[in-house]
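Novice: entry.cif (mmCIF, C-alpha atoms and all ligand atoms) pasted underneath:
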data_my_file
loop_
_atom_site.label_atom_id
_atom_site.label_comp_id
_atom_site.auth_asym_id
_atom_site.auth_seq_id
_atom_site.Cartn_x
_atom_site.Cartn_y
_atom_site.Cartn_z
CA MET A 1 2.97 -8.80 -26.02
CA THR A 2 5.58 -10.75 -24.08
CA LYS A 3 9.17 -9.63 -24.21
CA ASP A 4 11.60 -12.41 -23.49
CA ILE A 5 14.72 -10.85 -22.05
CA ASP A 6 16.19 -13.97 -20.55
CA SER A 7 14.69 -17.35 -21.36
CA LYS A 8 16.79 -19.37 -18.91
CA SER A 9 14.59 -21.49 -16.70
CA GLY A 10 14.49 -21.05 -12.92
CA LYS A 11 12.06 -20.00 -10.24
CA ILE A 12 10.08 -17.07 -11.54
CA ILE A 13 7.95 -14.75 -9.43
CA GLY A 14 5.08 -13.22 -11.37
CA ILE A 15 4.25 -9.68 -10.25
CA LEU A 16 0.96 -8.03 -11.23
CA GLY A 17 1.57 -4.32 -11.71
CA GLY A 18 4.55 -2.42 -13.07
CA GLY A 19 4.96 0.69 -10.93
CA GLN A 20 7.72 1.64 -8.53
CA LEU A 21 6.72 -1.01 -6.00
CA GLY A 22 7.09 -3.61 -8.76
CA SER A 23 10.54 -2.21 -9.60
CA MET A 24 11.75 -2.41 -6.02
CA LEU A 25 10.33 -5.94 -5.61
CA ALA A 26 12.07 -7.06 -8.82
CA ILE A 27 15.39 -5.58 -7.67
CA ALA A 28 15.08 -7.31 -4.28
CA ALA A 29 14.26 -10.64 -5.97
CA SER A 30 17.22 -10.43 -8.31
CA LYS A 31 19.54 -9.78 -5.36
CA LEU A 32 18.31 -13.08 -3.95
CA GLY A 33 19.00 -14.82 -7.26
CA LEU A 34 15.32 -15.03 -8.20
CA LYS A 35 13.74 -14.08 -11.50
CA THR A 36 10.65 -11.94 -11.99
CA HIS A 37 8.01 -11.53 -14.64
CA ILE A 38 6.09 -8.25 -14.52
CA TYR A 39 2.56 -8.19 -15.93
CA SER A 40 1.24 -4.69 -16.55
CA SER A 41 -1.29 -3.00 -18.78
CA SER A 42 0.93 0.06 -19.24
CA LYS A 43 3.69 0.07 -21.84
CA ASP A 44 5.56 2.69 -19.81
CA SER A 45 5.88 0.60 -16.64
CA PRO A 46 9.14 1.44 -14.83
CA ALA A 47 9.36 -2.09 -13.41
CA PHE A 48 10.09 -3.51 -16.89
CA ASN A 49 13.60 -2.07 -16.49
CA TYR A 50 14.33 -4.47 -13.65
CA SER A 51 12.46 -7.70 -14.32
CA THR A 52 13.66 -10.78 -16.16
CA LYS A 53 10.58 -10.77 -18.35
CA TYR A 54 7.55 -8.63 -18.87
CA THR A 55 4.10 -8.78 -20.41
CA ILE A 56 2.13 -5.78 -21.60
CA ALA A 57 -1.54 -6.72 -21.65
CA ASP A 58 -4.82 -5.79 -20.02
CA TYR A 59 -5.53 -7.47 -16.71
CA ASP A 60 -8.49 -9.32 -18.24
CA ASP A 61 -6.65 -10.54 -21.36
CA GLU A 62 -7.21 -14.31 -21.08
CA ILE A 63 -4.58 -15.33 -23.61
CA ALA A 64 -1.89 -13.16 -22.04
CA LEU A 65 -2.84 -14.41 -18.57
CA LYS A 66 -2.68 -18.02 -19.75
CA ASN A 67 0.84 -17.49 -21.06
CA PHE A 68 1.82 -15.63 -17.90
CA ILE A 69 0.79 -18.42 -15.53
CA LYS A 70 2.66 -20.99 -17.64
CA GLU A 71 5.88 -19.09 -17.04
CA ILE A 72 5.67 -18.32 -13.33
CA ASP A 73 5.97 -20.44 -10.19
CA ILE A 74 4.25 -18.07 -7.77
CA ALA A 75 2.37 -14.80 -8.15
CA THR A 76 2.18 -11.61 -6.13
CA ILE A 77 0.83 -8.08 -6.57
CA GLU A 78 2.19 -4.56 -6.32
CA PHE A 79 -1.23 -2.82 -6.36
CA GLU A 80 -4.56 -4.06 -5.14
CA ASN A 81 -6.98 -2.95 -7.82
CA ILE A 82 -6.73 -6.02 -9.99
CA PRO A 83 -9.98 -7.47 -11.35
CA GLU A 84 -11.52 -10.22 -9.25
CA GLN A 85 -11.69 -12.64 -12.18
CA THR A 86 -7.98 -12.20 -12.86
CA LEU A 87 -7.08 -13.02 -9.27
CA ASN A 88 -9.44 -16.02 -9.30
CA TYR A 89 -7.89 -17.30 -12.52
CA ILE A 90 -4.28 -16.88 -11.41
CA SER A 91 -4.81 -18.47 -8.01
CA ASP A 92 -6.42 -21.52 -9.63
CA TYR A 93 -3.09 -22.29 -11.28
CA VAL A 94 -0.27 -20.92 -9.16
CA PRO A 95 0.07 -19.97 -5.49
CA LEU A 96 -0.92 -16.32 -5.12
CA TYR A 97 0.57 -14.43 -2.17
CA PRO A 98 -1.11 -12.75 -0.44
CA ASN A 99 -4.27 -14.83 -0.82
CA LYS A 100 -7.04 -13.42 -3.01
CA GLU A 101 -9.44 -13.05 -0.06
CA SER A 102 -7.09 -10.51 1.58
CA ILE A 103 -6.84 -8.60 -1.68
CA PHE A 104 -10.64 -8.58 -2.21
CA LEU A 105 -11.11 -7.27 1.32
CA SER A 106 -8.74 -4.37 0.83
CA GLN A 107 -10.30 -3.49 -2.54
CA ASP A 108 -13.53 -2.49 -0.84
CA ARG A 109 -13.42 0.01 2.03
CA PHE A 110 -16.77 -1.18 3.38
CA LEU A 111 -15.75 -4.85 3.61
CA GLU A 112 -12.35 -3.83 4.97
CA LYS A 113 -13.74 -1.66 7.76
CA ASN A 114 -16.34 -4.28 8.66
CA PHE A 115 -13.61 -6.88 8.97
CA ILE A 116 -11.61 -4.62 11.27
CA ARG A 117 -14.63 -3.83 13.43
CA GLU A 118 -15.65 -7.51 13.60
CA ASN A 119 -12.24 -8.22 15.08
CA SER A 120 -12.90 -5.71 17.86
CA ILE A 121 -10.36 -3.23 16.52
CA ASP A 122 -11.39 0.44 16.46
CA VAL A 123 -12.15 2.18 13.17
CA ALA A 124 -13.70 5.57 12.46
CA ASP A 125 -17.49 5.32 12.64
CA PHE A 126 -18.75 4.63 9.13
CA MET A 127 -21.75 3.50 7.15
CA PRO A 128 -22.35 2.50 3.53
CA ILE A 129 -23.84 4.93 1.00
CA ASN A 130 -25.11 2.75 -1.81
CA ASN A 131 -27.78 5.18 -3.04
CA ILE A 132 -28.94 8.76 -2.51
CA ASP A 133 -31.47 7.71 0.16
CA ASP A 134 -28.72 6.28 2.37
CA ILE A 135 -27.34 9.81 2.80
CA LYS A 136 -30.34 10.67 5.04
CA LYS A 137 -29.07 8.18 7.62
CA TRP A 138 -26.00 10.29 8.44
CA ASP A 139 -26.81 13.12 10.86
CA PHE A 140 -24.95 16.15 9.48
CA ASN A 141 -26.20 18.30 12.37
CA LEU A 142 -24.10 16.13 14.62
CA ARG A 143 -20.90 15.95 12.58
CA PRO A 144 -19.46 16.26 9.08
CA GLY A 145 -18.21 13.19 7.26
CA ILE A 146 -15.78 12.03 4.62
CA LEU A 147 -17.40 10.48 1.58
CA LYS A 148 -15.11 7.82 0.08
CA THR A 149 -15.72 5.51 -2.86
CA ARG A 150 -15.72 1.88 -1.72
CA LYS A 151 -13.39 0.89 -4.55
CA PHE A 152 -10.45 2.24 -6.57
CA GLY A 153 -9.48 5.12 -4.25
CA TYR A 154 -5.81 5.93 -3.65
CA ASP A 155 -3.73 8.96 -2.64
CA GLY A 156 -6.92 10.69 -1.53
CA LYS A 157 -8.63 10.21 -4.89
CA GLY A 158 -12.34 9.44 -4.63
CA GLN A 159 -12.86 11.18 -1.30
CA LYS A 160 -14.38 14.47 -0.16
CA ILE A 161 -15.18 16.10 3.15
CA VAL A 162 -18.93 16.76 3.26
CA THR A 163 -20.64 19.03 5.78
CA THR A 164 -24.27 18.87 4.62
CA ALA A 165 -26.56 16.26 3.08
CA LYS A 166 -26.87 18.45 -0.01
CA MET A 167 -23.12 18.58 -0.47
CA CYS A 168 -22.90 14.84 0.07
CA GLU A 169 -25.57 14.23 -2.60
CA LYS A 170 -23.69 16.48 -5.03
CA TYR A 171 -20.43 14.58 -4.62
CA PHE A 172 -22.14 11.19 -4.64
CA ILE A 173 -23.65 12.06 -8.04
CA GLU A 174 -20.29 13.42 -9.22
CA MET A 175 -18.81 10.05 -8.33
CA ASN A 176 -21.32 8.49 -10.72
CA ASN A 177 -23.44 7.08 -7.88
CA SER A 178 -20.73 4.52 -7.26
CA PRO A 179 -21.03 2.73 -3.92
CA CYS A 180 -19.39 4.76 -1.16
CA ILE A 181 -18.93 4.88 2.56
CA ILE A 182 -19.23 7.93 4.76
CA GLU A 183 -17.07 8.08 7.84
CA GLU A 184 -16.44 10.47 10.71
CA VAL A 185 -13.53 12.90 10.50
CA VAL A 186 -11.00 11.64 13.04
CA PRO A 187 -9.25 14.36 15.06
CA PHE A 188 -6.00 12.42 15.09
CA ASN A 189 -2.77 13.57 16.71
CA MET A 190 -0.65 11.44 14.50
CA GLU A 191 -0.78 8.99 11.60
CA VAL A 192 1.46 5.94 11.79
CA SER A 193 1.79 2.69 9.89
CA THR A 194 3.14 -0.77 10.44
CA ILE A 195 4.83 -3.11 7.98
CA THR A 196 4.38 -6.73 8.99
CA ALA A 197 5.59 -9.89 7.30
CA ARG A 198 4.20 -13.41 7.75
CA SER A 199 5.97 -16.43 6.35
CA GLN A 200 4.56 -19.70 5.06
CA ASP A 201 5.21 -21.36 8.44
CA GLY A 202 3.16 -18.64 10.16
CA SER A 203 6.02 -16.79 11.81
CA ILE A 204 5.63 -13.01 11.95
CA GLU A 205 8.21 -10.21 11.90
CA MET A 206 7.57 -6.48 12.19
CA PHE A 207 9.42 -3.29 11.37
CA GLU A 208 9.07 -0.48 13.88
CA PRO A 209 6.15 1.83 13.06
CA SER A 210 6.79 5.06 11.15
CA ARG A 211 5.12 8.40 11.77
CA ASN A 212 3.54 9.61 8.55
CA ILE A 213 2.61 13.09 7.42
CA HIS A 214 0.26 13.49 4.46
CA LYS A 215 -0.10 16.58 2.27
CA ASN A 216 -3.25 16.81 0.17
CA HIS A 217 -4.03 13.23 1.26
CA ILE A 218 -0.76 11.97 -0.28
CA LEU A 219 2.06 10.65 1.88
CA HIS A 220 4.67 13.39 2.27
CA THR A 221 7.13 12.11 4.90
CA SER A 222 7.68 9.04 7.08
CA ASN A 223 9.84 9.36 10.17
CA ILE A 224 11.76 6.78 12.14
CA PRO A 225 11.58 6.65 15.10
CA SER A 226 7.93 7.56 15.39
CA GLY A 227 8.25 9.05 18.86
CA LEU A 228 5.49 6.77 20.17
CA SER A 229 5.77 5.21 23.62
CA ASN A 230 6.78 1.55 23.84
CA ALA A 231 3.31 0.74 25.17
CA LEU A 232 1.66 2.20 22.07
CA ILE A 233 4.14 0.46 19.77
CA GLU A 234 3.31 -2.84 21.46
CA LYS A 235 -0.40 -2.21 20.89
CA LEU A 236 0.20 -1.43 17.21
CA HIS A 237 2.21 -4.61 16.87
CA ALA A 238 -0.48 -6.68 18.59
CA ILE A 239 -3.22 -5.31 16.29
CA SER A 240 -1.07 -5.90 13.20
CA LYS A 241 -0.28 -9.47 14.24
CA LEU A 242 -3.95 -10.18 14.86
CA ILE A 243 -4.95 -8.86 11.43
CA ILE A 244 -2.22 -10.68 9.49
CA SER A 245 -2.97 -13.97 11.26
CA LYS A 246 -6.76 -13.67 10.83
CA LEU A 247 -6.23 -13.16 7.12
CA ASN A 248 -3.94 -16.21 6.97
CA TYR A 249 -1.74 -13.85 5.02
CA ILE A 250 1.66 -14.61 3.50
CA GLY A 251 3.96 -11.73 2.54
CA VAL A 252 4.19 -8.11 3.64
CA LEU A 253 1.05 -6.38 4.89
CA SER A 254 0.84 -2.64 5.55
CA ILE A 255 -1.58 -1.05 7.98
CA GLU A 256 -2.29 2.67 8.39
CA PHE A 257 -3.43 3.93 11.80
CA PHE A 258 -4.78 7.10 13.40
CA ILE A 259 -3.53 7.86 16.90
CA THR A 260 -5.95 10.01 18.89
CA ASN A 261 -5.73 11.25 22.48
CA ASN A 262 -6.72 7.94 23.96
CA ASN A 263 -7.24 5.59 21.10
CA ILE A 264 -5.69 3.70 18.20
CA MET A 265 -7.82 3.32 15.06
CA VAL A 266 -7.03 1.40 11.92
CA ASN A 267 -7.46 3.64 8.88
CA GLU A 268 -6.82 1.13 6.11
CA ILE A 269 -4.85 -1.92 5.15
CA ALA A 270 -2.79 -2.46 2.01
CA PRO A 271 -2.07 -6.06 0.98
CA ARG A 272 1.42 -5.24 -0.24
CA VAL A 273 4.60 -3.31 0.37
CA HIS A 274 3.87 0.35 1.10
CA ASN A 275 5.21 3.85 0.50
CA SER A 276 5.59 4.37 4.26
CA GLY A 277 7.96 1.38 4.33
CA HIS A 278 10.46 2.86 1.86
CA TRP A 279 12.65 3.99 4.77
CA THR A 280 13.61 0.32 5.27
CA MET A 281 15.72 0.43 2.08
CA ASP A 282 18.33 2.59 3.80
CA GLY A 283 17.40 2.48 7.47
CA ALA A 284 17.08 -1.19 8.37
CA ASN A 285 18.97 -4.48 8.12
CA ILE A 286 16.43 -5.68 5.53
CA SER A 287 14.08 -3.82 3.20
CA GLN A 288 10.33 -4.40 3.10
CA PHE A 289 10.82 -5.58 -0.50
CA GLU A 290 13.32 -8.30 0.36
CA GLN A 291 11.18 -9.33 3.31
CA HIS A 292 8.15 -9.76 1.02
CA ILE A 293 10.12 -11.73 -1.57
CA ARG A 294 11.51 -13.96 1.18
CA ALA A 295 8.08 -14.63 2.68
CA ILE A 296 6.42 -15.55 -0.61
CA SER A 297 9.39 -17.61 -1.86
CA ASN A 298 9.48 -19.69 1.31
CA LEU A 299 12.85 -18.30 2.37
CA PRO A 300 13.31 -17.42 6.05
CA ILE A 301 12.08 -13.94 6.94
CA VAL A 302 14.42 -11.73 8.94
CA GLU A 303 13.89 -9.99 12.27
CA PRO A 304 13.98 -6.31 11.28
CA LYS A 305 16.40 -4.07 13.10
CA THR A 306 16.45 -0.31 12.66
CA LEU A 307 19.96 0.96 11.89
CA HIS A 308 19.36 4.71 11.62
CA SER A 309 16.99 7.52 12.52
CA LEU A 310 15.75 8.90 9.25
CA GLU A 311 13.11 10.69 7.27
CA MET A 312 11.67 9.40 4.01
CA LEU A 313 10.46 12.22 1.78
CA ASN A 314 8.38 11.61 -1.34
CA ILE A 315 9.26 13.44 -4.55
CA ILE A 316 5.90 14.31 -6.04
CA GLY A 317 4.92 16.06 -9.28
CA ASN A 318 6.98 19.17 -9.78
CA ASP A 319 8.98 18.88 -6.56
CA ILE A 320 12.63 19.63 -7.05
CA TYR A 321 15.06 16.83 -6.43
CA TYR A 322 16.63 17.19 -3.05
CA TRP A 323 20.12 15.81 -3.42
CA GLU A 324 21.65 19.24 -3.79
CA LYS A 325 20.39 20.25 -0.39
CA SER A 326 22.24 17.68 1.73
CA ASN A 327 23.80 19.13 4.84
CA ASP A 328 26.38 17.91 7.33
CA ASN A 329 23.80 16.40 9.66
CA GLU A 330 22.42 13.88 7.22
CA VAL A 331 23.19 11.53 4.38
CA ARG A 332 20.65 11.52 1.57
CA LYS A 333 19.89 8.42 -0.44
CA ILE A 334 17.92 9.16 -3.60
CA HIS A 335 15.58 6.74 -5.35
CA ILE A 336 14.12 7.92 -8.66
CA TYR A 337 11.49 5.67 -10.27
CA GLY A 338 12.09 6.52 -13.94
CA LYS A 339 8.44 7.28 -14.70
CA LYS A 340 7.55 8.78 -18.02
CA GLY A 341 6.25 12.33 -17.65
CA ILE A 342 5.80 14.60 -14.67
CA LYS A 343 2.20 14.95 -13.54
CA SER A 344 0.84 16.81 -10.54
CA GLY A 345 0.40 14.36 -7.67
CA ARG A 346 2.48 11.62 -9.32
CA LYS A 347 5.07 9.92 -7.14
CA LEU A 348 8.39 10.21 -8.98
CA GLY A 349 10.82 9.07 -6.34
CA HIS A 350 11.79 9.34 -2.71
CA VAL A 351 14.72 10.44 -0.59
CA ASN A 352 15.82 8.73 2.59
CA SER A 353 17.66 11.27 4.78
CA ILE A 354 19.69 9.39 7.35
CA LYS A 355 20.37 11.49 10.42
CA LYS A 356 24.05 11.36 11.38
CA SER A 357 24.49 10.48 15.01
CA LYS A 358 26.24 13.20 17.00
CA SER A 359 29.59 11.97 18.21
N1 LIG A 401 -11.73 9.65 8.59
C1 LIG A 401 -10.66 10.42 8.42
N2 LIG A 401 -10.39 11.40 9.33
C2 LIG A 401 -9.32 12.22 9.18
N3 LIG A 401 -8.47 12.14 8.13
C3 LIG A 401 -8.69 11.21 7.19
C4 LIG A 401 -9.80 10.29 7.29
N4 LIG A 401 -9.78 9.48 6.23
C5 LIG A 401 -8.69 9.84 5.50
N5 LIG A 401 -8.04 10.87 6.05
C6 LIG A 401 -6.79 11.50 5.54
O1 LIG A 401 -6.64 11.24 4.16
C7 LIG A 401 -5.53 10.34 3.93
C8 LIG A 401 -5.86 9.37 2.81
O2 LIG A 401 -7.02 8.63 3.14
P1 LIG A 401 -7.13 7.04 3.05
O3 LIG A 401 -8.45 6.65 3.60
O4 LIG A 401 -5.93 6.43 3.68
O5 LIG A 401 -7.20 6.81 1.50
P2 LIG A 401 -6.13 6.45 0.39
O6 LIG A 401 -6.57 5.10 -0.08
O7 LIG A 401 -6.30 7.52 -0.62
O8 LIG A 401 -4.77 6.40 1.06
C9 LIG A 401 -5.30 9.69 5.28
O9 LIG A 401 -3.96 9.21 5.39
C10 LIG A 401 -5.60 10.86 6.21
O10 LIG A 401 -4.53 11.78 6.25
MG MG A 402 -4.22 5.54 2.87
#
As structure tokens, what does this structure read like?

Specialist:
Amino acid sequence: MTKDIDSKSGKIIGILGGGQLGSMLAIAASKLGLKTHIYSSSKDSPAFNYSTKYTIADYDDEIALKNFIKEIDIATIEFENIPEQTLNYISDYVPLYPNKESIFLSQDRFLEKNFIRENSIDVADFMPINNIDDIKKWDFNLRPGILKTRKFGYDGKGQKIVTTAKMCEKYFIEMNNSPCIIEEVVPFNMEVSTITARSQDGSIEMFEPSRNIHKNHILHTSNIPSGLSNALIEKLHAISKLIISKLNYIGVLSIEFFITNNNIMVNEIAPRVHNSGHWTMDGANISQFEQHIRAISNLPIVEPKTLHSLEMLNIIGNDIYYWEKSNDNEVRKIHIYGKKGIKSGRKLGHVNSIKKSKS
């Protein structure tokens, strides 16, 4: 079903996915005078509230996809788990940013970690578990591991810490024998992430890294500044620039890192705007969403400047909303996504708490 809210012609950005990232991309596009068309399989997609048009159809619905590509000038994504055939089809007809190869890479943890390692960037030691026999190759006497499905994992779903081969076998079977990786447990001091944008002319701009704290494998807070030394920040920037250039990537790319005593490791990459970049909406001269829309629409990207120290806090599941708790030392900016139904672990909104400078 396609709902035509506004049939005026003009440049239209097609966005695959209708969650909160889609909403915030659509809002950023409209502020730049651009129209959006959200394509989502869920009738309750919050992003429909903000886009010019929307389509409700499965991601492999050929007729709906055909109509979608007729109406859009460029396409982008707000989540990475879109079927390969759909991405192939769309990119045959309209420019898809980021390119499908970058999306395929990030859909599969094994390919992703290989790519990082091949580029001489550190990752946690890992190996593929494609069948029960592969489990024997990991020496559990030496160290435990984290079993992660190669595909479709997010917010810690599809991963388990395993301390014995028996336990690993049990979880592998529970995961329906789907291809997995096992990786070492990294004793990190800190998790950080970078948000990098690359434009069509190849120029690159970066936000400063945020320090991220996860609870139950789900992002809980992101803090700016991260407290990292300038030398470490430069290293994070250099790694991010290398990755985005190697991928020939256009748009915003997010990279999660582990910082250990003497090392920086890439944890994973997300070919899109990212939860840990939500602070940019209230703490920087440009948001990650506007930066992405600019990059893919061939508008100049902006050199990010941090305006405030702040903490981004996710509102998850049954968390209470935090606006009542503001105090004199901070200004709280609330963003509620308008999702239907509260579910444990579901991201319902976020709060950016700007720290007031002491004068
Ligand atoms: N190898 C690891 N060592 C230590 N902690 C890990 C490891 N892998 C994942 N984690 C923890 O779990 C979180 C989620 O894992 P991640 O691999 O990023 O998957 P997701 O796709 O669910 O975000 C990480 O941010 C980190 O806190
Ligand atoms: Mg992650």

Novice: When you count only C-alpha atoms and all ligand atoms, which of these residues is closest to ligand MG 402 (chain A): A:Pro83, A:Gly156, A:Pro271, A:Gly338?

Specialist: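 Checking each of A:Pro83, A:Gly156, A:Pro271, A:Gly338 against ligand MG 402 (chain A), counting only C-alpha atoms and all ligand atoms, the winner is A:Gly156.
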
Novice: If we count all atoms listed in the file and set the cut-off at 9 Å, which residues sit around segment 235-245 of chain A, ignoring sequence neighbours fewer than 2 positions away in its own chain? Please answer as a PyMOL selection string.

Specialist: chain A and resi 116+119+121+193-198+202+204-206+208-209+230-233+247-250+253-255+257+264+266

Novice: Could the residues in this selection be written to a file with C-alpha atoms, as a PDB file, in the coordinates of the input?

Specialist:
ATOM      1  CA  ILE A 116     -11.610  -4.620  11.270  1.00  0.00           C
ATOM      2  CA  ASN A 119     -12.240  -8.220  15.080  1.00  0.00           C
ATOM      3  CA  ILE A 121     -10.360  -3.230  16.520  1.00  0.00           C
ATOM      4  CA  SER A 193       1.790   2.690   9.890  1.00  0.00           C
ATOM      5  CA  THR A 194       3.140  -0.770  10.440  1.00  0.00           C
ATOM      6  CA  ILE A 195       4.830  -3.110   7.980  1.00  0.00           C
ATOM      7  CA  THR A 196       4.380  -6.730   8.990  1.00  0.00           C
ATOM      8  CA  ALA A 197       5.590  -9.890   7.300  1.00  0.00           C
ATOM      9  CA  ARG A 198       4.200 -13.410   7.750  1.00  0.00           C
ATOM     10  CA  GLY A 202       3.160 -18.640  10.160  1.00  0.00           C
ATOM     11  CA  ILE A 204       5.630 -13.010  11.950  1.00  0.00           C
ATOM     12  CA  GLU A 205       8.210 -10.210  11.900  1.00  0.00           C
ATOM     13  CA  MET A 206       7.570  -6.480  12.190  1.00  0.00           C
ATOM     14  CA  GLU A 208       9.070  -0.480  13.880  1.00  0.00           C
ATOM     15  CA  PRO A 209       6.150   1.830  13.060  1.00  0.00           C
ATOM     16  CA  ASN A 230       6.780   1.550  23.840  1.00  0.00           C
ATOM     17  CA  ALA A 231       3.310   0.740  25.170  1.00  0.00           C
ATOM     18  CA  LEU A 232       1.660   2.200  22.070  1.00  0.00           C
ATOM     19  CA  ILE A 233       4.140   0.460  19.770  1.00  0.00           C
ATOM     20  CA  LEU A 247      -6.230 -13.160   7.120  1.00  0.00           C
ATOM     21  CA  ASN A 248      -3.940 -16.210   6.970  1.00  0.00           C
ATOM     22  CA  TYR A 249      -1.740 -13.850   5.020  1.00  0.00           C
ATOM     23  CA  ILE A 250       1.660 -14.610   3.500  1.00  0.00           C
ATOM     24  CA  LEU A 253       1.050  -6.380   4.890  1.00  0.00           C
ATOM     25  CA  SER A 254       0.840  -2.640   5.550  1.00  0.00           C
ATOM     26  CA  ILE A 255      -1.580  -1.050   7.980  1.00  0.00           C
ATOM     27  CA  PHE A 257      -3.430   3.930  11.800  1.00  0.00           C
ATOM     28  CA  ILE A 264      -5.690   3.700  18.200  1.00  0.00           C
ATOM     29  CA  VAL A 266      -7.030   1.400  11.920  1.00  0.00           C
TER      30      VAL A 266
END

Novice: Using all atoms listed in the file, pick whichever of A:Lys136, A:Lys215, A:Lys339, A:Lys166 has the shortest atom-to-atom distance to ligand LIG 401 (chain A).

Specialist: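 Nearest candidate to ligand LIG 401 (chain A) out of A:Lys136, A:Lys215, A:Lys339, A:Lys166: A:Lys215.
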
Novice: Go through chain A and flag each residue having an atom no more than 8 Å from ligand LIG 401 (chain A); for those, report the closest pair of atoms plus their distance in Å to one decimal, using only C-alpha atoms and all ligand atoms, ordered by chain and rising number, as CSV.

Specialist:
residue,atom,partner,partner_atom,distance
A:Ala124,CA,A:LIG401,N1,6.0
A:Gly145,CA,A:LIG401,N1,7.5
A:Ile146,CA,A:LIG401,N1,6.2
A:Lys148,CA,A:LIG401,O3,7.6
A:Gly153,CA,A:LIG401,O6,5.1
A:Tyr154,CA,A:LIG401,O7,3.5
A:Asp155,CA,A:LIG401,O7,3.6
A:Gly156,CA,A:LIG401,O7,3.4
A:Lys157,CA,A:LIG401,O7,5.6
A:Gly158,CA,A:LIG401,O7,7.5
A:Gln159,CA,A:LIG401,O7,7.5
A:Glu183,CA,A:LIG401,N1,5.6
A:Glu184,CA,A:LIG401,N1,5.2
A:Val185,CA,A:LIG401,N2,3.7
A:Val186,CA,A:LIG401,N2,3.8
A:Pro187,CA,A:LIG401,C2,6.3
A:Phe188,CA,A:LIG401,C2,6.8
A:Glu191,CA,A:LIG401,O9,7.0
A:Ile213,CA,A:LIG401,O10,7.4
A:His214,CA,A:LIG401,O10,5.4
A:Lys215,CA,A:LIG401,O10,7.6
A:Asn216,CA,A:LIG401,O1,7.6
A:His217,CA,A:LIG401,C7,4.2
A:Ile218,CA,A:LIG401,C8,6.5
A:Leu219,CA,A:LIG401,O9,7.1
A:Glu256,CA,A:LIG401,O4,7.0
A:Asn267,CA,A:LIG401,O4,6.1
A:Glu268,CA,A:LIG401,O4,5.9

Novice: Enter the distance from atom CA of Ser287 of chain A to atom CA of Ile38 of chain A, in Å, rounded to one decimal.

Specialist: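 Interatomic distance here is 19.9 Å.
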
Novice: Calculate how many Å separate atom CA of Arg150 of chain A from atom CA of Ile181 of chain A, rounding to one decimal.

Specialist: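 For atom CA of Arg150 of chain A relative to atom CA of Ile181 of chain A, the distance reads 6.1 Å.
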
Novice: Take atom CA of Asn318 of chain A and atom CA of Val331 of chain A and report the distance between them in Å, one decimal.

Specialist: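 For atom CA of Asn318 of chain A relative to atom CA of Val331 of chain A, the distance reads 22.8 Å.
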
Novice: Please list as a ChimeraX atom specification every residue within 8 Å of Ile135 of chain A, counting all atoms listed in the file and excluding residues in the same chain fewer than 2 positions away.

Specialist: /A:129,131-133,137-138,165,168-169

Novice: Rank A:Gln200, A:Glu71, A:Glu112, A:Met167 by their smallest atom-to-atom distance to Asn298 of chain A, using only C-alpha atoms, and report the top residue only.

Specialist: A:Gln200

Novice: Out of A:Arg346, A:Lys31, A:Lys333, A:Arg109, which residue has the shortest atom-to-atom distance to ligand MG 402 (chain A) when counting only C-alpha atoms and all ligand atoms?

Specialist: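 Between A:Arg346, A:Lys31, A:Lys333, A:Arg109, the residue approaching ligand MG 402 (chain A) most closely is A:Arg109.
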
Novice: So, with all atoms listed in the file as the atoms that count, which of A:Asn177, A:Ser41, A:Thr76, A:Asn212 lies closest to ligand MG 402 (chain A)?

Specialist: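 Once distances to ligand MG 402 (chain A) are computed over all atoms listed in the file, the minimum belongs to A:Asn212.
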
Novice: Of the candidates A:His37, A:His350, A:His274, A:Lys43, which shows the shortest atom-to-atom distance to ligand MG 402 (chain A), using all atoms listed in the file?

Specialist: A:His274

Novice: Need the shell around segment 59-61 of chain A: protein/DNA/RNA residues with any atom at most 9 Å away, counting all atoms listed in the file. Skip same-chain ones fewer than 5 positions apart. Format as a VMD selection string?

Specialist: chain A and resid 16 39 to 41 66 82 to 83 85 to 86

Novice: Just the selected residues (C-alpha atoms), exported as a PDB file, in the coordinates of the input, please.

Specialist:
ATOM      1  CA  LEU A  16       0.960  -8.030 -11.230  1.00  0.00           C
ATOM      2  CA  TYR A  39       2.560  -8.190 -15.930  1.00  0.00           C
ATOM      3  CA  SER A  40       1.240  -4.690 -16.550  1.00  0.00           C
ATOM      4  CA  SER A  41      -1.290  -3.000 -18.780  1.00  0.00           C
ATOM      5  CA  LYS A  66      -2.680 -18.020 -19.750  1.00  0.00           C
ATOM      6  CA  ILE A  82      -6.730  -6.020  -9.990  1.00  0.00           C
ATOM      7  CA  PRO A  83      -9.980  -7.470 -11.350  1.00  0.00           C
ATOM      8  CA  GLN A  85     -11.690 -12.640 -12.180  1.00  0.00           C
ATOM      9  CA  THR A  86      -7.980 -12.200 -12.860  1.00  0.00           C
TER      10      THR A  86
END
